[in-house]
$ cat model02.cif   # mmCIF, C-alpha atoms
data_protein
loop_
_atom_site.group_PDB
_atom_site.id
_atom_site.type_symbol
_atom_site.label_atom_id
_atom_site.label_comp_id
_atom_site.auth_asym_id
_atom_site.auth_seq_id
_atom_site.Cartn_x
_atom_site.Cartn_y
_atom_site.Cartn_z
ATOM 1 C CA MET P 563 0.000 0.000 0.000
ATOM 2 C CA ASN P 564 1.485 3.371 -0.993
ATOM 3 C CA THR P 565 1.410 6.557 1.100
ATOM 4 C CA LEU P 566 -1.600 8.072 -0.699
ATOM 5 C CA ASP P 567 -3.681 4.919 -0.231
ATOM 6 C CA SER P 568 -2.711 4.906 3.428
ATOM 7 C CA ALA P 569 -3.711 8.574 3.836
ATOM 8 C CA LEU P 570 -7.055 7.987 2.108
ATOM 9 C CA GLU P 571 -7.786 4.950 4.252
ATOM 10 C CA TYR P 572 -7.166 6.688 7.593
ATOM 11 C CA ALA P 573 -8.248 10.281 6.788
ATOM 12 C CA PRO P 574 -11.406 11.465 8.540
ATOM 13 C CA GLU P 575 -14.376 12.106 6.236
ATOM 14 C CA SER P 576 -14.138 15.863 6.801
ATOM 15 C CA LYS P 577 -10.605 16.060 5.417
ATOM 16 C CA ILE P 578 -9.807 16.823 1.829
ATOM 17 C CA LEU P 579 -7.827 13.617 1.395
ATOM 18 C CA SER P 580 -10.712 11.356 2.283
ATOM 19 C CA ALA P 581 -12.178 9.309 -0.524
ATOM 20 C CA PRO P 582 -15.748 10.295 -1.465
ATOM 21 C CA ARG P 583 -18.231 7.528 -0.814
ATOM 22 C CA ASP P 584 -20.583 8.193 -3.710
ATOM 23 C CA LEU P 585 -19.370 10.124 -6.740
ATOM 24 C CA ASP P 586 -22.549 9.233 -8.660
ATOM 25 C CA ALA P 587 -24.707 11.254 -6.227
ATOM 26 C CA PHE P 588 -22.342 14.200 -6.628
ATOM 27 C CA ALA P 589 -22.499 13.927 -10.426
ATOM 28 C CA VAL P 590 -26.318 13.950 -10.328
ATOM 29 C CA GLU P 591 -26.370 17.044 -8.094
ATOM 30 C CA LEU P 592 -23.828 18.763 -10.340
ATOM 31 C CA ALA P 593 -25.950 18.057 -13.423
ATOM 32 C CA GLN P 594 -29.054 19.450 -11.683
ATOM 33 C CA ALA P 595 -27.187 22.587 -10.646
ATOM 34 C CA SER P 596 -25.864 23.166 -14.150
ATOM 35 C CA ASP P 597 -29.439 23.070 -15.493
ATOM 36 C CA LEU P 598 -30.202 26.115 -13.337
ATOM 37 C CA LEU P 599 -27.317 28.160 -14.744
ATOM 38 C CA PRO P 600 -27.656 30.062 -18.023
ATOM 39 C CA HIS P 601 -26.047 28.395 -21.019
ATOM 40 C CA HIS P 602 -24.679 31.692 -22.277
ATOM 41 C CA ILE P 603 -23.842 35.065 -20.810
ATOM 42 C CA ASN P 604 -25.775 38.067 -22.037
ATOM 43 C CA ALA P 605 -22.879 40.444 -22.726
ATOM 44 C CA ASP P 606 -24.975 43.458 -23.646
ATOM 45 C CA PRO P 607 -22.447 46.344 -23.595
ATOM 46 C CA GLU P 608 -25.037 48.799 -22.291
ATOM 47 C CA GLY P 609 -26.076 46.436 -19.510
ATOM 48 C CA VAL P 610 -22.473 45.749 -18.542
ATOM 49 C CA GLU P 611 -21.700 49.471 -18.417
ATOM 50 C CA ARG P 612 -24.783 50.179 -16.321
ATOM 51 C CA GLY P 613 -24.017 47.287 -13.974
ATOM 52 C CA LEU P 614 -20.454 48.468 -13.487
ATOM 53 C CA ALA P 615 -21.648 52.031 -12.864
ATOM 54 C CA LYS P 616 -24.139 50.699 -10.317
ATOM 55 C CA LEU P 617 -21.392 48.805 -8.500
ATOM 56 C CA VAL P 618 -18.986 51.748 -8.487
ATOM 57 C CA LEU P 619 -21.650 54.226 -7.347
ATOM 58 C CA THR P 620 -22.696 51.861 -4.568
ATOM 59 C CA VAL P 621 -19.122 51.620 -3.294
ATOM 60 C CA VAL P 622 -18.642 55.399 -3.578
ATOM 61 C CA GLU P 623 -21.889 55.986 -1.668
ATOM 62 C CA LEU P 624 -20.824 53.594 1.072
ATOM 63 C CA VAL P 625 -17.440 55.316 1.436
ATOM 64 C CA ARG P 626 -19.092 58.763 1.357
ATOM 65 C CA GLN P 627 -21.458 57.859 4.172
ATOM 66 C CA LEU P 628 -18.621 56.418 6.250
ATOM 67 C CA MET P 629 -16.581 59.575 5.697
ATOM 68 C CA GLU P 630 -19.529 61.795 6.648
ATOM 69 C CA ARG P 631 -20.036 59.854 9.870
ATOM 70 C CA GLN P 632 -16.355 60.145 10.682
ATOM 71 C CA ALA P 633 -16.424 63.896 9.957
ATOM 72 C CA LEU P 634 -19.454 64.349 12.244
ATOM 73 C CA HIS P 635 -17.717 62.365 14.960
ATOM 74 C CA ARG P 636 -14.631 64.558 14.650
ATOM 75 C CA MET P 637 -16.746 67.736 14.635
ATOM 76 C CA GLU P 638 -18.541 66.658 17.790
ATOM 77 C CA GLY P 639 -15.187 65.787 19.363
ATOM 78 C CA GLY P 640 -13.820 69.236 18.562
ATOM 79 C CA SER P 641 -10.844 67.978 16.528
ATOM 80 C CA LEU P 642 -11.727 70.065 13.425
ATOM 81 C CA ASN P 643 -11.376 73.811 13.087
ATOM 82 C CA ASP P 644 -13.899 76.000 11.251
ATOM 83 C CA ASP P 645 -11.937 75.996 7.964
ATOM 84 C CA GLU P 646 -11.728 72.191 7.942
ATOM 85 C CA ILE P 647 -15.442 71.908 8.667
ATOM 86 C CA GLU P 648 -16.213 74.293 5.793
ATOM 87 C CA ARG P 649 -13.964 72.381 3.374
ATOM 88 C CA LEU P 650 -15.517 69.057 4.363
ATOM 89 C CA GLY P 651 -19.015 70.457 3.906
ATOM 90 C CA GLN P 652 -18.207 71.771 0.433
ATOM 91 C CA THR P 653 -16.503 68.520 -0.530
ATOM 92 C CA PHE P 654 -19.498 66.437 0.513
ATOM 93 C CA MET P 655 -21.887 68.778 -1.325
ATOM 94 C CA LYS P 656 -19.812 68.534 -4.536
ATOM 95 C CA LEU P 657 -19.638 64.749 -4.225
ATOM 96 C CA ASP P 658 -23.402 64.562 -3.725
ATOM 97 C CA THR P 659 -23.974 66.727 -6.832
ATOM 98 C CA ARG P 660 -21.606 64.601 -8.916
ATOM 99 C CA MET P 661 -23.249 61.371 -7.697
ATOM 100 C CA ASP P 662 -26.651 62.743 -8.773
ATOM 101 C CA GLU P 663 -25.231 63.611 -12.210
ATOM 102 C CA LEU P 664 -23.775 60.133 -12.652
ATOM 103 C CA LYS P 665 -27.035 58.485 -11.591
ATOM 104 C CA VAL P 666 -28.820 60.476 -14.322
ATOM 105 C CA VAL P 667 -26.184 59.577 -16.937
ATOM 106 C CA PHE P 668 -26.523 55.845 -16.202
ATOM 107 C CA GLY P 669 -30.271 55.924 -15.551
ATOM 108 C CA LEU P 670 -29.990 54.794 -11.937
ATOM 109 C CA GLU P 671 -32.254 55.557 -9.007
ATOM 110 C CA ASP P 672 -31.221 55.756 -5.349
ATOM 111 C CA GLU P 673 -32.930 52.413 -4.681
ATOM 112 C CA GLU P 674 -30.749 50.716 -7.287
ATOM 113 C CA ILE P 675 -27.509 51.634 -5.551
ATOM 114 C CA ASN P 676 -28.841 50.718 -2.134
ATOM 115 C CA LEU P 677 -26.983 47.965 -0.337
ATOM 116 C CA HIS P 678 -28.442 45.717 2.331
ATOM 117 C CA LEU P 679 -25.928 45.563 5.185
ATOM 118 C CA GLY P 680 -27.495 42.708 7.134
ATOM 119 C CA PRO P 681 -28.159 43.565 10.779
ATOM 120 C CA LEU P 682 -26.982 47.145 10.128
ATOM 121 C CA GLY P 683 -29.906 47.746 7.769
ATOM 122 C CA ASP P 684 -29.826 49.353 4.348
ATOM 123 C CA LEU P 685 -27.139 51.701 3.069
ATOM 124 C CA LEU P 686 -29.642 54.376 2.006
#
$ encode --input "model02.cif" --output "structure tokens"
Amino acid sequence: MNTLDSALEYAPESKILSAPRDLDAFAVELAQASDLLPHHINADPEGVERGLAKLVLTVVELVRQLMERQALHRMEGGSLNDDEIERLGQTFMKLDTRMDELKVVFGLEDEEINLHLGPLGDLL
């Protein structure tokens, strides 16, 4: 008996080296799963562009909200002077305006870039 056979014989079932008991059952499940998947990918350039824009805008919105919360925390803690507060306010207003412009360009609504954050609730 070689080393691999020995490892397969004594390996617990939860280990990667263990020998599967029924490959036929796995093959049946794999065939059923593949029936649920599309046989081709719809590579519509407009849809791909819109989907990518949706993803990017969602990430930007998440980062913007985190930055706003951090800025409010720092304002309340007194670690920002008046000039910094003014600059942050203008920056967030410009970012909000640009986000609105991009949503119009890609035909997206606020609900479409919303992200469900589990127990934290929704992004928007």
$ residues_near_point --input "model02.cif" --point "(-28.0, 49.2, 5.5)" --cutoff "12 Å" --atoms "only C-alpha atoms" --output "compact mmCIF listing (two decimals) with C-alpha atoms, in the coordinates of the input"
# COMPACT_ATOMS: atom_id res chain seq x y z
CA THR P 620 -22.70 51.86 -4.57
CA GLU P 623 -21.89 55.99 -1.67
CA LEU P 624 -20.82 53.59 1.07
CA GLN P 627 -21.46 57.86 4.17
CA LEU P 628 -18.62 56.42 6.25
CA GLU P 673 -32.93 52.41 -4.68
CA ILE P 675 -27.51 51.63 -5.55
CA ASN P 676 -28.84 50.72 -2.13
CA LEU P 677 -26.98 47.96 -0.34
CA HIS P 678 -28.44 45.72 2.33
CA LEU P 679 -25.93 45.56 5.18
CA GLY P 680 -27.50 42.71 7.13
CA PRO P 681 -28.16 43.56 10.78
CA LEU P 682 -26.98 47.14 10.13
CA GLY P 683 -29.91 47.75 7.77
CA ASP P 684 -29.83 49.35 4.35
CA LEU P 685 -27.14 51.70 3.07
CA LEU P 686 -29.64 54.38 2.01
$ closest_residue --input "model02.cif" --among "P:Met655, P:Met661, P:Leu634, P:Asp586" --to "Val621 (chain P)" --atoms "all atoms listed in the file"
P:Met661
$ atom_distance --input "model02.cif" --atom1 "CA of Leu619 (chain P)" --atom2 "CA of Lys665 (chain P)"
8.1 Å
$ closest_residue --input "model02.cif" --among "P:Ala633, P:Glu611, P:Leu617, P:Ala587" --to "Thr653 (chain P)" --atoms "all atoms listed in the file"
P:Ala633
$ atom_distance --input "model02.cif" --atom1 "CA of Met629 (chain P)" --atom2 "CA of Leu664 (chain P)"
19.7 Å
$ residues_around --input "model02.cif" --residues "Ile647 (chain P)" --least-positions-apart "3" --cutoff "10 Å" --atoms "only C-alpha atoms" --output "tab-separated table (two decimals) with C-alpha atoms, in the coordinates of the input"
chain	number	residue	atom	x	y	z
P	633	ALA	CA	-16.42	63.90	9.96
P	634	LEU	CA	-19.45	64.35	12.24
P	636	ARG	CA	-14.63	64.56	14.65
P	637	MET	CA	-16.75	67.74	14.64
P	641	SER	CA	-10.84	67.98	16.53
P	642	LEU	CA	-11.73	70.06	13.42
P	643	ASN	CA	-11.38	73.81	13.09
P	644	ASP	CA	-13.90	76.00	11.25
P	650	LEU	CA	-15.52	69.06	4.36
P	651	GLY	CA	-19.02	70.46	3.91
P	652	GLN	CA	-18.21	71.77	0.43
P	653	THR	CA	-16.50	68.52	-0.53
$ axis_aligned_box --input "model02.cif" --around "region 638-654 of chain P" --padding-each-side "6 Å" --output "AutoDock Vina command-line options"
--center_x -15.2 --center_y 70.9 --center_z 9.4 --size_x 20.7 --size_y 22.2 --size_z 31.9
$ atom_distance --input "model02.cif" --atom1 "CA of Leu670 (chain P)" --atom2 "CA of Lys616 (chain P)"
7.3 Å
$ decode --input "model02.cif" --residues "region 621-637 of chain P" --atoms "N, CA, C and O atoms" --output "CSV table (one decimal), in the first residue's frame"
chain,number,residue,atom,x,y,z
P,621,VAL,N,-20.3,51.6,-4.1
P,621,VAL,CA,-19.1,51.6,-3.3
P,621,VAL,C,-18.8,53.1,-2.9
P,621,VAL,O,-18.5,53.4,-1.7
P,622,VAL,N,-18.9,54.0,-3.9
P,622,VAL,CA,-18.6,55.4,-3.6
P,622,VAL,C,-19.6,55.9,-2.5
P,622,VAL,O,-19.2,56.6,-1.6
P,623,GLU,N,-20.9,55.5,-2.6
P,623,GLU,CA,-21.9,56.0,-1.7
P,623,GLU,C,-21.6,55.4,-0.3
P,623,GLU,O,-21.7,56.1,0.7
P,624,LEU,N,-21.2,54.2,-0.2
P,624,LEU,CA,-20.8,53.6,1.1
P,624,LEU,C,-19.7,54.3,1.7
P,624,LEU,O,-19.7,54.7,2.9
P,625,VAL,N,-18.6,54.6,0.9
P,625,VAL,CA,-17.4,55.3,1.4
P,625,VAL,C,-17.8,56.7,1.8
P,625,VAL,O,-17.4,57.3,2.9
P,626,ARG,N,-18.7,57.4,1.0
P,626,ARG,CA,-19.1,58.8,1.4
P,626,ARG,C,-19.8,58.8,2.7
P,626,ARG,O,-19.5,59.7,3.5
P,627,GLN,N,-20.7,57.9,2.9
P,627,GLN,CA,-21.5,57.9,4.2
P,627,GLN,C,-20.5,57.6,5.4
P,627,GLN,O,-20.7,58.2,6.4
P,628,LEU,N,-19.6,56.7,5.2
P,628,LEU,CA,-18.6,56.4,6.2
P,628,LEU,C,-17.8,57.7,6.6
P,628,LEU,O,-17.5,58.0,7.7
P,629,MET,N,-17.4,58.4,5.5
P,629,MET,CA,-16.6,59.6,5.7
P,629,MET,C,-17.4,60.7,6.4
P,629,MET,O,-16.9,61.4,7.2
P,630,GLU,N,-18.7,60.8,6.0
P,630,GLU,CA,-19.5,61.8,6.6
P,630,GLU,C,-19.7,61.5,8.1
P,630,GLU,O,-19.6,62.4,9.0
P,631,ARG,N,-19.9,60.2,8.5
P,631,ARG,CA,-20.0,59.9,9.9
P,631,ARG,C,-18.8,60.2,10.7
P,631,ARG,O,-18.8,60.6,11.8
P,632,GLN,N,-17.6,59.9,10.0
P,632,GLN,CA,-16.4,60.1,10.7
P,632,GLN,C,-16.2,61.7,10.9
P,632,GLN,O,-15.7,62.1,11.9
P,633,ALA,N,-16.5,62.4,9.9
P,633,ALA,CA,-16.4,63.9,10.0
P,633,ALA,C,-17.3,64.4,11.1
P,633,ALA,O,-16.9,65.3,11.9
P,634,LEU,N,-18.6,63.9,11.2
P,634,LEU,CA,-19.5,64.3,12.2
P,634,LEU,C,-18.9,64.0,13.6
P,634,LEU,O,-18.9,64.8,14.5
P,635,HIS,N,-18.3,62.8,13.7
P,635,HIS,CA,-17.7,62.4,15.0
P,635,HIS,C,-16.6,63.3,15.4
P,635,HIS,O,-16.4,63.7,16.5
P,636,ARG,N,-15.8,63.7,14.4
P,636,ARG,CA,-14.6,64.6,14.6
P,636,ARG,C,-15.1,66.0,15.0
P,636,ARG,O,-14.5,66.6,15.8
P,637,MET,N,-16.2,66.4,14.3
P,637,MET,CA,-16.7,67.7,14.6
P,637,MET,C,-17.3,67.8,16.1
P,637,MET,O,-17.0,68.7,16.8
